[in-house]
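Colleague: Input structure: query11.txt, which contains compact mmCIF, C-alpha atoms and all ligand atoms.
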```txt
# COMPACT_ATOMS: atom_id res chain seq x y z
CA MET A 1 -56.04 -64.09 18.40
CA ASN A 2 -58.86 -65.07 16.04
CA ILE A 3 -61.69 -62.57 15.99
CA ALA A 4 -65.22 -62.44 14.62
CA LEU A 5 -66.19 -58.95 13.54
CA LEU A 6 -69.88 -58.15 13.95
CA GLY A 7 -70.81 -55.34 11.57
CA PHE A 8 -68.89 -54.04 8.56
CA GLY A 9 -69.93 -50.40 8.56
CA VAL A 10 -67.87 -47.35 9.52
CA VAL A 11 -66.14 -48.93 12.54
CA GLY A 12 -66.09 -52.58 11.45
CA ARG A 13 -64.43 -51.78 8.15
CA GLY A 14 -61.90 -49.63 10.00
CA VAL A 15 -61.01 -52.48 12.36
CA TYR A 16 -60.57 -54.81 9.39
CA ASP A 17 -58.24 -52.32 7.66
CA LEU A 18 -56.15 -51.65 10.79
CA THR A 19 -55.63 -55.34 11.54
CA LEU A 20 -54.87 -56.48 7.96
CA ASP A 21 -51.10 -56.49 8.37
CA ARG A 22 -50.96 -57.72 11.97
CA SER A 23 -49.76 -61.22 12.77
CA ASP A 24 -51.26 -61.19 16.28
CA ILE A 25 -54.89 -60.34 15.35
CA ASN A 26 -56.62 -62.35 12.65
CA VAL A 27 -60.13 -61.52 11.41
CA LYS A 28 -61.57 -65.01 10.84
CA TYR A 29 -65.26 -64.10 10.41
CA VAL A 30 -67.25 -61.03 9.46
CA VAL A 31 -70.97 -60.99 10.22
CA CYS A 32 -72.82 -58.48 8.05
CA LEU A 33 -75.81 -58.11 5.79
CA GLU A 34 -73.81 -56.67 2.90
CA ASP A 35 -72.44 -58.93 0.19
CA VAL A 36 -68.68 -58.40 0.71
CA GLN A 37 -65.77 -60.58 -0.38
CA LEU A 38 -62.74 -60.53 1.92
CA PRO A 39 -59.75 -62.78 1.19
CA GLY A 40 -59.22 -65.40 3.92
CA VAL A 41 -62.32 -64.29 5.84
CA THR A 42 -65.61 -66.17 6.17
CA VAL A 43 -68.42 -63.67 5.64
CA THR A 44 -71.56 -65.09 7.19
CA ARG A 45 -74.98 -64.34 8.61
CA ASN A 46 -74.91 -67.53 10.67
CA TYR A 47 -73.76 -66.41 14.12
CA ASN A 48 -74.11 -69.92 15.56
CA GLU A 49 -71.22 -71.00 13.32
CA ILE A 50 -69.02 -68.50 15.16
CA LEU A 51 -70.25 -69.46 18.62
CA ALA A 52 -69.44 -73.09 17.87
CA ASP A 53 -65.95 -72.34 16.50
CA GLU A 54 -63.58 -72.77 19.45
CA SER A 55 -60.72 -71.16 17.56
CA VAL A 56 -62.54 -67.80 17.79
CA ASP A 57 -61.52 -66.37 21.15
CA THR A 58 -62.80 -62.80 20.70
CA VAL A 59 -65.91 -61.15 19.28
CA VAL A 60 -65.71 -57.48 18.19
CA GLU A 61 -69.16 -55.90 18.17
CA ALA A 62 -69.36 -52.92 15.82
CA MET A 63 -73.01 -53.10 14.81
CA GLY A 64 -74.38 -50.37 17.07
CA GLY A 65 -77.88 -50.27 18.54
CA LEU A 66 -79.25 -52.47 21.29
CA HIS A 67 -80.56 -55.49 19.38
CA PRO A 68 -79.30 -57.80 18.10
CA ALA A 69 -75.97 -56.35 19.35
CA TRP A 70 -76.63 -57.22 22.99
CA ASP A 71 -78.02 -60.67 22.15
CA PHE A 72 -74.87 -61.45 20.16
CA VAL A 73 -72.54 -60.09 22.87
CA LYS A 74 -74.34 -62.00 25.59
CA ALA A 75 -74.21 -65.24 23.59
CA ALA A 76 -70.49 -64.72 22.93
CA ILE A 77 -69.73 -64.24 26.64
CA GLU A 78 -71.86 -67.24 27.55
CA ALA A 79 -69.85 -69.25 25.01
CA GLY A 80 -66.65 -68.19 26.83
CA LYS A 81 -65.44 -65.62 24.28
CA ASN A 82 -63.88 -62.24 25.04
CA VAL A 83 -65.71 -59.15 23.76
CA VAL A 84 -64.61 -55.71 22.55
CA THR A 85 -67.25 -53.18 21.57
CA SER A 86 -67.55 -49.54 20.52
CA ASN A 87 -71.27 -49.54 21.36
CA LYS A 88 -71.99 -47.03 24.14
CA ALA A 89 -75.76 -47.49 24.07
CA MET A 90 -75.42 -51.21 24.62
CA ALA A 91 -72.66 -51.03 27.24
CA CYS A 92 -74.59 -48.36 29.16
CA THR A 93 -78.04 -49.97 28.88
CA PHE A 94 -76.96 -53.48 29.88
CA TYR A 95 -74.17 -52.49 32.28
CA ASP A 96 -75.77 -54.23 35.27
CA GLU A 97 -76.11 -57.52 33.40
CA LEU A 98 -72.91 -57.27 31.41
CA LEU A 99 -70.32 -56.88 34.17
CA PRO A 100 -71.50 -59.77 36.38
CA LEU A 101 -71.77 -62.02 33.29
CA VAL A 102 -68.20 -61.17 32.26
CA GLN A 103 -67.01 -62.06 35.79
CA GLU A 104 -69.06 -65.23 36.02
CA LYS A 105 -67.82 -66.55 32.68
CA ASN A 106 -64.26 -65.40 33.41
CA VAL A 107 -63.83 -63.68 30.04
CA LEU A 108 -62.36 -60.29 29.14
CA PHE A 109 -64.43 -57.29 28.07
CA ARG A 110 -63.40 -53.80 26.94
CA CYS A 111 -65.26 -50.82 25.42
CA THR A 112 -62.75 -47.96 25.18
CA ALA A 113 -64.04 -46.72 21.80
CA ALA A 114 -67.54 -46.31 23.24
CA VAL A 115 -66.70 -42.92 24.74
CA GLY A 116 -64.52 -40.38 22.96
CA GLY A 117 -64.00 -42.46 19.78
CA GLY A 118 -60.29 -42.04 19.09
CA ILE A 119 -59.46 -40.73 22.56
CA GLY A 120 -58.37 -43.45 24.98
CA TRP A 121 -60.62 -41.92 27.66
CA LEU A 122 -62.15 -45.00 29.30
CA SER A 123 -58.81 -46.83 29.31
CA GLU A 124 -57.16 -43.82 30.92
CA LEU A 125 -60.00 -43.58 33.42
CA GLY A 126 -59.36 -47.21 34.38
CA ARG A 127 -55.71 -46.29 35.02
CA VAL A 128 -56.74 -43.20 36.96
CA ARG A 129 -58.93 -45.31 39.24
CA ARG A 130 -56.02 -47.55 40.22
CA CYS A 131 -54.52 -44.85 42.41
CA GLU A 132 -56.95 -41.97 42.55
CA THR A 133 -60.30 -40.88 43.92
CA VAL A 134 -62.08 -39.40 40.92
CA LEU A 135 -63.99 -36.27 41.89
CA SER A 136 -65.58 -35.47 38.53
CA VAL A 137 -65.76 -36.47 34.87
CA GLY A 138 -67.32 -34.80 31.87
CA GLY A 139 -66.97 -32.33 29.04
CA ILE A 140 -67.68 -32.36 25.32
CA MET A 141 -68.47 -35.95 24.32
CA ASN A 142 -70.42 -35.54 21.08
CA GLY A 143 -68.73 -34.46 17.86
CA THR A 144 -71.96 -33.80 15.98
CA CYS A 145 -73.27 -31.32 18.55
CA ASN A 146 -69.90 -29.62 18.80
CA TYR A 147 -69.75 -29.30 15.02
CA ILE A 148 -73.23 -27.75 14.89
CA LEU A 149 -72.63 -25.35 17.78
CA ASP A 150 -69.18 -24.36 16.51
CA ASN A 151 -70.52 -23.55 13.04
CA MET A 152 -73.47 -21.64 14.45
CA THR A 153 -71.07 -19.62 16.64
CA ARG A 154 -68.30 -18.95 14.11
CA LEU A 155 -70.38 -18.56 10.95
CA GLY A 156 -73.75 -17.46 12.32
CA LEU A 157 -75.45 -20.44 10.61
CA ASP A 158 -78.99 -21.51 11.41
CA TYR A 159 -79.37 -24.79 13.29
CA ASP A 160 -80.91 -26.70 10.35
CA VAL A 161 -78.09 -25.71 7.98
CA ALA A 162 -75.37 -26.73 10.46
CA LEU A 163 -77.14 -30.07 11.19
CA LYS A 164 -77.38 -30.86 7.48
CA GLN A 165 -73.63 -30.22 7.11
CA ALA A 166 -72.86 -32.54 10.04
CA GLN A 167 -75.03 -35.24 8.47
CA ASN A 168 -73.38 -34.81 5.06
CA LEU A 169 -69.97 -35.23 6.70
CA GLY A 170 -71.13 -38.50 8.33
CA TYR A 171 -70.73 -37.28 11.92
CA ALA A 172 -74.34 -37.69 13.02
CA GLU A 173 -75.80 -41.04 14.08
CA ALA A 174 -78.39 -42.60 11.69
CA ASN A 175 -81.10 -40.94 13.76
CA PRO A 176 -79.82 -37.40 14.49
CA SER A 177 -82.02 -37.21 17.58
CA THR A 178 -79.55 -39.50 19.34
CA ASP A 179 -76.92 -36.79 18.96
CA VAL A 180 -78.83 -33.51 19.09
CA ASP A 181 -81.19 -34.49 21.92
CA GLY A 182 -78.14 -35.45 23.99
CA ILE A 183 -78.85 -39.21 24.24
CA ASP A 184 -75.42 -40.18 22.88
CA THR A 185 -73.76 -37.90 25.44
CA TRP A 186 -76.09 -39.24 28.17
CA HIS A 187 -74.94 -42.82 27.50
CA LYS A 188 -71.33 -41.66 27.51
CA VAL A 189 -71.45 -39.74 30.78
CA ILE A 190 -73.31 -42.55 32.55
CA LEU A 191 -70.71 -45.06 31.37
CA SER A 192 -67.88 -42.70 32.36
CA SER A 193 -69.40 -42.05 35.79
CA ASN A 194 -69.90 -45.76 36.36
CA VAL A 195 -66.24 -46.43 35.64
CA ALA A 196 -65.00 -43.36 37.52
CA PHE A 197 -67.01 -43.91 40.69
CA GLY A 198 -67.40 -47.71 40.69
CA VAL A 199 -71.20 -47.59 40.76
CA SER A 200 -74.08 -48.12 38.37
CA LEU A 201 -76.00 -44.87 38.04
CA ASP A 202 -79.77 -45.14 37.85
CA LYS A 203 -80.27 -43.83 34.30
CA GLN A 204 -83.62 -42.24 35.00
CA SER A 205 -81.98 -40.03 37.62
CA VAL A 206 -79.62 -38.47 35.04
CA PRO A 207 -81.46 -35.62 33.27
CA VAL A 208 -80.58 -34.70 29.70
CA SER A 209 -81.41 -31.78 27.47
CA GLY A 210 -80.03 -31.28 23.99
CA ILE A 211 -79.49 -28.62 21.36
CA SER A 212 -82.29 -29.29 18.87
CA LYS A 213 -84.26 -26.16 19.89
CA ILE A 214 -81.33 -23.70 19.68
CA LYS A 215 -81.70 -20.79 17.24
CA ALA A 216 -79.31 -18.28 15.68
CA CYS A 217 -80.84 -15.58 17.95
CA ASP A 218 -79.73 -17.54 21.06
CA VAL A 219 -76.18 -17.83 19.78
CA ALA A 220 -76.10 -14.09 18.99
CA ALA A 221 -77.24 -13.30 22.55
CA PHE A 222 -74.57 -15.59 24.03
CA LYS A 223 -71.87 -13.93 21.93
CA ALA A 224 -73.01 -10.49 23.02
CA HIS A 225 -72.57 -11.57 26.66
CA GLY A 226 -69.15 -13.19 26.06
CA TYR A 227 -70.24 -16.85 26.11
CA THR A 228 -69.94 -19.86 23.79
CA CYS A 229 -72.59 -22.58 23.96
CA LYS A 230 -71.42 -26.22 24.19
CA LEU A 231 -73.21 -29.48 25.03
CA ILE A 232 -71.54 -30.40 28.32
CA SER A 233 -71.81 -33.61 30.34
CA THR A 234 -71.18 -33.70 34.07
CA GLY A 235 -70.65 -36.52 36.54
CA LYS A 236 -69.40 -35.72 40.04
CA ARG A 237 -69.09 -36.79 43.62
CA THR A 238 -71.08 -34.63 45.98
CA ASP A 239 -71.45 -34.47 49.76
CA SER A 240 -74.58 -36.61 49.48
CA GLY A 241 -73.47 -39.08 46.77
CA PHE A 242 -73.31 -38.42 43.04
CA SER A 243 -74.62 -35.90 40.56
CA ALA A 244 -74.85 -36.42 36.78
CA TYR A 245 -76.54 -34.54 33.94
CA VAL A 246 -76.21 -33.41 30.31
CA GLN A 247 -77.14 -29.90 29.21
CA PRO A 248 -76.18 -27.08 26.84
CA THR A 249 -73.84 -24.84 28.80
CA LEU A 250 -72.58 -21.31 28.24
CA CYS A 251 -68.81 -21.36 28.66
CA PRO A 252 -66.84 -18.17 29.29
CA ALA A 253 -64.00 -17.29 26.90
CA ASP A 254 -61.32 -18.49 29.35
CA ALA A 255 -62.78 -22.02 29.54
CA LEU A 256 -60.98 -24.66 27.44
CA GLU A 257 -64.36 -26.00 26.27
CA ALA A 258 -65.18 -22.67 24.57
CA HIS A 259 -62.32 -23.25 22.12
CA ILE A 260 -63.02 -26.81 20.97
CA PRO A 261 -63.56 -26.66 17.20
CA MET A 262 -65.52 -28.73 14.68
CA ASN A 263 -66.32 -32.32 15.70
CA PHE A 264 -63.58 -32.63 18.35
CA ASN A 265 -64.18 -33.83 21.91
CA LEU A 266 -62.65 -32.58 25.17
CA ILE A 267 -63.12 -34.89 28.15
CA THR A 268 -61.85 -33.99 31.60
CA PHE A 269 -61.45 -35.69 34.94
CA GLU A 270 -60.57 -34.17 38.25
CA GLY A 271 -58.74 -36.32 40.75
CA ALA A 272 -57.87 -35.71 44.38
CA ALA A 273 -54.14 -36.13 43.64
CA ALA A 274 -53.81 -35.56 39.88
CA GLY A 275 -55.93 -32.41 39.72
CA ARG A 276 -57.71 -31.56 36.45
CA GLN A 277 -56.63 -33.35 33.29
CA SER A 278 -58.26 -33.15 29.86
CA LEU A 279 -58.08 -35.41 26.83
CA TYR A 280 -58.68 -33.81 23.45
CA GLY A 281 -59.10 -35.43 20.04
CA GLN A 282 -61.35 -36.99 17.42
CA GLY A 283 -64.46 -38.30 19.13
CA ALA A 284 -65.84 -40.11 16.10
CA GLY A 285 -64.96 -41.37 12.62
CA ARG A 286 -63.80 -44.67 11.13
CA TYR A 287 -60.11 -44.82 11.90
CA PRO A 288 -60.01 -42.93 15.22
CA THR A 289 -62.72 -45.25 16.61
CA ALA A 290 -61.24 -48.40 15.05
CA TYR A 291 -57.85 -47.40 16.55
CA ASN A 292 -59.25 -47.76 20.07
CA VAL A 293 -60.96 -51.05 19.21
CA VAL A 294 -57.57 -52.38 18.11
CA GLN A 295 -55.96 -50.94 21.26
CA ASP A 296 -58.52 -52.90 23.29
CA LEU A 297 -57.65 -56.07 21.36
CA CYS A 298 -53.98 -55.45 22.21
CA ASP A 299 -54.95 -55.13 25.88
CA LEU A 300 -56.83 -58.40 25.67
CA LEU A 301 -53.68 -60.05 24.30
CA LEU A 302 -51.99 -58.85 27.51
CA GLY A 303 -54.85 -60.25 29.62
CA ASN A 304 -56.21 -56.81 30.59
CA GLY A 305 -59.98 -56.65 30.80
CA PHE A 306 -62.43 -53.98 31.90
CA TYR A 307 -61.46 -52.12 34.98
CA ALA A 308 -64.52 -51.13 36.96
CA PRO A 309 -65.61 -52.82 40.15
CA CYS A 310 -69.27 -51.98 40.61
CA GLU A 311 -70.64 -51.44 44.10
CA GLY A 312 -74.28 -51.30 43.06
CA SER A 313 -76.96 -48.99 41.77
CA VAL A 314 -77.26 -45.39 42.96
CA ALA A 315 -79.50 -42.49 41.96
CA ALA A 316 -77.91 -39.19 40.98
CA ARG A 317 -79.12 -36.16 42.93
CA ASN A 318 -78.71 -32.88 41.10
CA ASN A 319 -79.42 -30.13 43.58
CA GLU A 320 -76.53 -27.92 42.46
CA GLN A 321 -77.82 -24.36 41.97
CA LEU A 322 -77.04 -22.84 38.56
CA ARG A 323 -78.28 -19.89 36.51
CA PHE A 324 -80.02 -20.82 33.25
CA TYR A 325 -80.80 -19.05 29.97
CA VAL A 326 -84.30 -19.99 28.75
CA ARG A 327 -86.15 -19.04 25.56
CA GLY A 328 -89.32 -20.28 23.93
CA ALA A 329 -91.78 -20.77 26.81
CA SER A 330 -92.80 -19.19 30.07
CA ASP A 331 -95.07 -19.68 33.06
CA ALA A 332 -95.52 -18.37 36.58
CA TRP A 333 -92.63 -20.42 38.00
CA LEU A 334 -90.18 -19.19 35.34
CA GLU A 335 -91.31 -15.61 35.88
CA SER A 336 -90.78 -16.03 39.63
CA VAL A 337 -87.12 -17.03 39.12
CA THR A 338 -86.31 -14.61 36.28
CA ALA A 339 -83.39 -12.34 37.11
CA GLU A 340 -82.44 -10.80 33.73
CA ILE A 341 -83.66 -10.41 30.15
CA TRP A 342 -81.27 -11.33 27.30
CA ASP A 343 -82.89 -10.30 24.02
CA GLU A 344 -85.52 -12.99 23.30
CA GLY A 345 -84.58 -15.10 26.34
CA ILE A 346 -84.42 -14.73 30.11
CA VAL A 347 -81.75 -15.62 32.67
CA THR A 348 -82.84 -17.18 35.93
CA ALA A 349 -81.57 -16.66 39.44
CA PRO A 350 -79.73 -19.83 40.66
CA VAL A 351 -82.10 -22.84 40.58
CA ALA A 352 -81.46 -26.57 41.16
CA VAL A 353 -80.45 -28.54 38.06
CA ASP A 354 -83.16 -31.18 38.69
CA GLU A 355 -85.80 -28.47 39.09
CA MET A 356 -84.83 -26.77 35.81
CA HIS A 357 -84.87 -30.05 33.88
CA ALA A 358 -88.27 -30.98 35.37
CA TRP A 359 -89.63 -27.64 34.12
CA LEU A 360 -88.15 -28.21 30.65
CA LYS A 361 -89.83 -31.62 30.38
CA ASN A 362 -93.18 -29.83 30.57
CA HIS A 363 -92.08 -27.20 28.02
CA PRO A 364 -90.53 -29.29 25.22
CA ASP A 365 -90.39 -26.38 22.74
CA ALA A 366 -88.16 -24.26 24.95
CA PHE A 367 -84.38 -24.03 24.69
CA MET A 368 -82.38 -23.99 27.90
CA ALA A 369 -78.66 -23.60 28.67
CA ALA A 370 -76.83 -23.50 32.00
CA ILE A 371 -74.46 -20.60 32.60
CA ARG A 372 -71.03 -21.36 34.05
N1 LIG A 401 -72.39 -39.52 16.73
C1 LIG A 401 -71.30 -39.56 17.65
C2 LIG A 401 -70.69 -38.18 17.73
C3 LIG A 401 -70.31 -40.59 17.20
O1 LIG A 401 -71.07 -37.32 16.94
O2 LIG A 401 -69.85 -37.94 18.59
C4 LIG A 401 -69.37 -41.07 18.25
O3 LIG A 401 -70.01 -41.63 19.35
```
Kindly transcribe the structure held in the file into structure tokens.
Modeller:
Amino acid sequence: MNIALLGFGVVGRGVYDLTLDRSDINVKYVVCLEDVQLPGVTVTRNYNEILADESVDTVVEAMGGLHPAWDFVKAAIEAGKNVVTSNKAMACTFYDELLPLVQEKNVLFRCTAAVGGGIGWLSELGRVRRCETVLSVGGIMNGTCNYILDNMTRLGLDYDVALKQAQNLGYAEANPSTDVDGIDTWHKVILSSNVAFGVSLDKQSVPVSGISKIKACDVAAFKAHGYTCKLISTGKRTDSGFSAYVQPTLCPADALEAHIPMNFNLITFEGAAAGRQSLYGQGAGRYPTAYNVVQDLCDLLLGNGFYAPCEGSVAARNNEQLRFYVRGASDAWLESVTAEIWDEGIVTAPVAVDEMHAWLKNHPDAFMAAIR
């Protein structure tokens, strides 16, 4: 297999290193802006050279972002080349165009590293689907947020200090908003739900709230009531279709999620036959992520492509009633549903997830967390 590697940053460099000694995977081209010298590899900025080279059967996209990543991936598929990517934003955003194109051009596509980094979550989910009705997917899918929340909980750090540490360790995306406002997790749970349920979720119907407004006083209140705050994603089948959302969630001490340290991920599915199963491991980082890119390349060598038949677009409906902790804003509606006071915040009576997120959109300075 001759591959062209698009991007030579954290993941691209990792893929290069992990394939160096393999006889079955040969990096023929690297496309990057940096001036790097790699023995036996053509380093180029001319993508057309790669498209025209029939000996290149597979393009590995490790650039991140939407453009030009999607333009390059689309051109590769149209040229009849297989594609492996770790890019969740791209796979999620262009899902509806990507899957039909892959089928039409009869090429292979995989994106295991896009969710869970070093955890083979999407590949396992594809296996699960072969003989199982998936009832729910979700969990802790963002290492940066888990690192911040874990350090705030264990060490009593302020949010800004914990974020700076996560950035210094290279966990956070270039723009930390992608992590801390929950967008990275949002892409990941939409992609996971699409694979799990064989649909394409309408993205606008999946509400997301992140952790950027959390303060040390919130964490202290949660501790006093026996809870640990985590950024939790949820995708599930319901009586009326599907539900999906991302929100900070207070987990009781007996929940596995409450014990996930540092930048680790814990992703869980529930199946009708298999019951609940969780995958735990490194959700980010050079070699864990590159490991799953190389695993995908090995699957391509076996002729195994992406695994998700898609039956069309559906909107999530999130009418599940949950209690929420809220601090930082109030109005008549919030007062009407307030059931308890927790130090500087309040706890609501059960309200619908969609209703709570709609309220938060109009109160962007507030912090909100669901209570399990
Ligand atoms: N910024 C992401 C995280 C990287 O912190 O989990 C992996 O998608």
Colleague: Emit as AutoDock Vina command-line options the padded axis-aligned box for all listed atoms of ligand LIG 401 (chain A), 4 Å per side, with centre and edge lengths in Å to one decimal.
Modeller:
```
--center_x -70.9 --center_y -39.5 --center_z 18.0 --size_x 11.0 --size_y 12.3 --size_z 10.6
```
Colleague: At a cut-off of 6 Å around ligand LIG 401 (chain A), and using all atoms listed in the file, what residues come up? Please write them as a PyMOL selection string.
Modeller: chain A and resi 117+142-144+171-173+179+283-284
Colleague: With C-alpha atoms kept, could you save the residues just selected as a PDB file, keeping the file's coordinate frame?
Modeller:
```
ATOM      1  CA  GLY A 117     -64.000 -42.460  19.780  1.00  0.00           C
ATOM      2  CA  ASN A 142     -70.420 -35.540  21.080  1.00  0.00           C
ATOM      3  CA  GLY A 143     -68.730 -34.460  17.860  1.00  0.00           C
ATOM      4  CA  THR A 144     -71.960 -33.800  15.980  1.00  0.00           C
ATOM      5  CA  TYR A 171     -70.730 -37.280  11.920  1.00  0.00           C
ATOM      6  CA  ALA A 172     -74.340 -37.690  13.020  1.00  0.00           C
ATOM      7  CA  GLU A 173     -75.800 -41.040  14.080  1.00  0.00           C
ATOM      8  CA  ASP A 179     -76.920 -36.790  18.960  1.00  0.00           C
ATOM      9  CA  GLY A 283     -64.460 -38.300  19.130  1.00  0.00           C
ATOM     10  CA  ALA A 284     -65.840 -40.110  16.100  1.00  0.00           C
TER      11      ALA A 284
END
```
Colleague: Residues at most 8 Å from Ser243 of chain A, counting all atoms listed in the file, excluding those fewer than 2 positions away in the same chain, as a PyMOL selection string?
Modeller: chain A and resi 206+234-238+241+245+316-318
Colleague: Kindly indicate which residue among A:Leu279, A:Met1, A:Met152, A:Cys310 lies nearest to Leu125 of chain A, using only C-alpha atoms for the distances.
Modeller: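 Selected residue with least distance to Leu125 of chain A: A:Leu279.
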Colleague: Select, from A:Leu5, A:Ala221, A:Val134, A:Val314, the residue with the minimum atom-to-atom distance to Phe72 of chain A, counting only C-alpha atoms.
Modeller: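 Smallest separation from Phe72 of chain A among the options: A:Leu5.
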Colleague: Mind filling out segment 90-97 of chain A with all heavy atoms and sending it as a PDB file, in the coordinates of the input?
Modeller:
```
ATOM      1  N   MET A  90     -75.298 -49.852  24.091  1.00  0.00           N
ATOM      2  CA  MET A  90     -75.420 -51.210  24.620  1.00  0.00           C
ATOM      3  C   MET A  90     -74.691 -51.360  25.950  1.00  0.00           C
ATOM      4  O   MET A  90     -75.240 -51.886  26.921  1.00  0.00           O
ATOM      5  CB  MET A  90     -74.867 -52.216  23.613  1.00  0.00           C
ATOM      6  CG  MET A  90     -75.068 -53.641  24.062  1.00  0.00           C
ATOM      7  SD  MET A  90     -73.909 -54.754  23.283  1.00  0.00           S
ATOM      8  CE  MET A  90     -72.381 -54.238  24.014  1.00  0.00           C
ATOM      9  N   ALA A  91     -73.443 -50.869  26.000  1.00  0.00           N
ATOM     10  CA  ALA A  91     -72.660 -51.030  27.240  1.00  0.00           C
ATOM     11  C   ALA A  91     -73.333 -50.311  28.398  1.00  0.00           C
ATOM     12  O   ALA A  91     -73.335 -50.801  29.530  1.00  0.00           O
ATOM     13  CB  ALA A  91     -71.244 -50.501  27.024  1.00  0.00           C
ATOM     14  N   CYS A  92     -73.927 -49.140  28.116  1.00  0.00           N
ATOM     15  CA  CYS A  92     -74.590 -48.360  29.160  1.00  0.00           C
ATOM     16  C   CYS A  92     -75.905 -49.023  29.569  1.00  0.00           C
ATOM     17  O   CYS A  92     -76.175 -49.224  30.759  1.00  0.00           O
ATOM     18  CB  CYS A  92     -74.828 -46.950  28.634  1.00  0.00           C
ATOM     19  SG  CYS A  92     -75.744 -45.914  29.753  1.00  0.00           S
ATOM     20  N   THR A  93     -76.705 -49.424  28.589  1.00  0.00           N
ATOM     21  CA  THR A  93     -78.040 -49.970  28.880  1.00  0.00           C
ATOM     22  C   THR A  93     -77.959 -51.281  29.638  1.00  0.00           C
ATOM     23  O   THR A  93     -78.750 -51.528  30.556  1.00  0.00           O
ATOM     24  CB  THR A  93     -78.822 -50.160  27.559  1.00  0.00           C
ATOM     25  OG1 THR A  93     -78.857 -48.906  26.882  1.00  0.00           O
ATOM     26  CG2 THR A  93     -80.235 -50.643  27.808  1.00  0.00           C
ATOM     27  N   PHE A  94     -77.005 -52.142  29.268  1.00  0.00           N
ATOM     28  CA  PHE A  94     -76.960 -53.480  29.880  1.00  0.00           C
ATOM     29  C   PHE A  94     -75.817 -53.622  30.882  1.00  0.00           C
ATOM     30  O   PHE A  94     -75.411 -54.747  31.197  1.00  0.00           O
ATOM     31  CB  PHE A  94     -76.866 -54.535  28.761  1.00  0.00           C
ATOM     32  CG  PHE A  94     -78.086 -54.538  27.876  1.00  0.00           C
ATOM     33  CD1 PHE A  94     -78.041 -53.976  26.608  1.00  0.00           C
ATOM     34  CD2 PHE A  94     -79.288 -55.043  28.339  1.00  0.00           C
ATOM     35  CE1 PHE A  94     -79.165 -53.950  25.796  1.00  0.00           C
ATOM     36  CE2 PHE A  94     -80.420 -55.018  27.536  1.00  0.00           C
ATOM     37  CZ  PHE A  94     -80.365 -54.475  26.268  1.00  0.00           C
ATOM     38  N   TYR A  95     -75.321 -52.503  31.374  1.00  0.00           N
ATOM     39  CA  TYR A  95     -74.170 -52.490  32.280  1.00  0.00           C
ATOM     40  C   TYR A  95     -74.350 -53.457  33.453  1.00  0.00           C
ATOM     41  O   TYR A  95     -73.447 -54.217  33.791  1.00  0.00           O
ATOM     42  CB  TYR A  95     -73.982 -51.070  32.807  1.00  0.00           C
ATOM     43  CG  TYR A  95     -72.634 -50.783  33.421  1.00  0.00           C
ATOM     44  CD1 TYR A  95     -71.525 -50.537  32.626  1.00  0.00           C
ATOM     45  CD2 TYR A  95     -72.480 -50.744  34.800  1.00  0.00           C
ATOM     46  CE1 TYR A  95     -70.300 -50.255  33.182  1.00  0.00           C
ATOM     47  CE2 TYR A  95     -71.249 -50.457  35.369  1.00  0.00           C
ATOM     48  CZ  TYR A  95     -70.164 -50.212  34.551  1.00  0.00           C
ATOM     49  OH  TYR A  95     -68.939 -49.936  35.114  1.00  0.00           O
ATOM     50  N   ASP A  96     -75.531 -53.432  34.064  1.00  0.00           N
ATOM     51  CA  ASP A  96     -75.770 -54.230  35.270  1.00  0.00           C
ATOM     52  C   ASP A  96     -75.785 -55.736  35.001  1.00  0.00           C
ATOM     53  O   ASP A  96     -75.567 -56.530  35.896  1.00  0.00           O
ATOM     54  CB  ASP A  96     -77.125 -53.855  35.908  1.00  0.00           C
ATOM     55  CG  ASP A  96     -77.084 -52.437  36.439  1.00  0.00           C
ATOM     56  OD1 ASP A  96     -75.985 -51.951  36.723  1.00  0.00           O
ATOM     57  OD2 ASP A  96     -78.159 -51.826  36.547  1.00  0.00           O
ATOM     58  N   GLU A  97     -76.106 -56.108  33.764  1.00  0.00           N
ATOM     59  CA  GLU A  97     -76.110 -57.520  33.400  1.00  0.00           C
ATOM     60  C   GLU A  97     -74.755 -57.943  32.862  1.00  0.00           C
ATOM     61  O   GLU A  97     -74.280 -59.054  33.082  1.00  0.00           O
ATOM     62  CB  GLU A  97     -77.152 -57.718  32.292  1.00  0.00           C
ATOM     63  CG  GLU A  97     -78.176 -58.795  32.558  1.00  0.00           C
ATOM     64  CD  GLU A  97     -79.104 -58.932  31.391  1.00  0.00           C
ATOM     65  OE1 GLU A  97     -79.822 -57.949  31.080  1.00  0.00           O
ATOM     66  OE2 GLU A  97     -79.125 -60.005  30.779  1.00  0.00           O
TER      67      GLU A  97
END
```
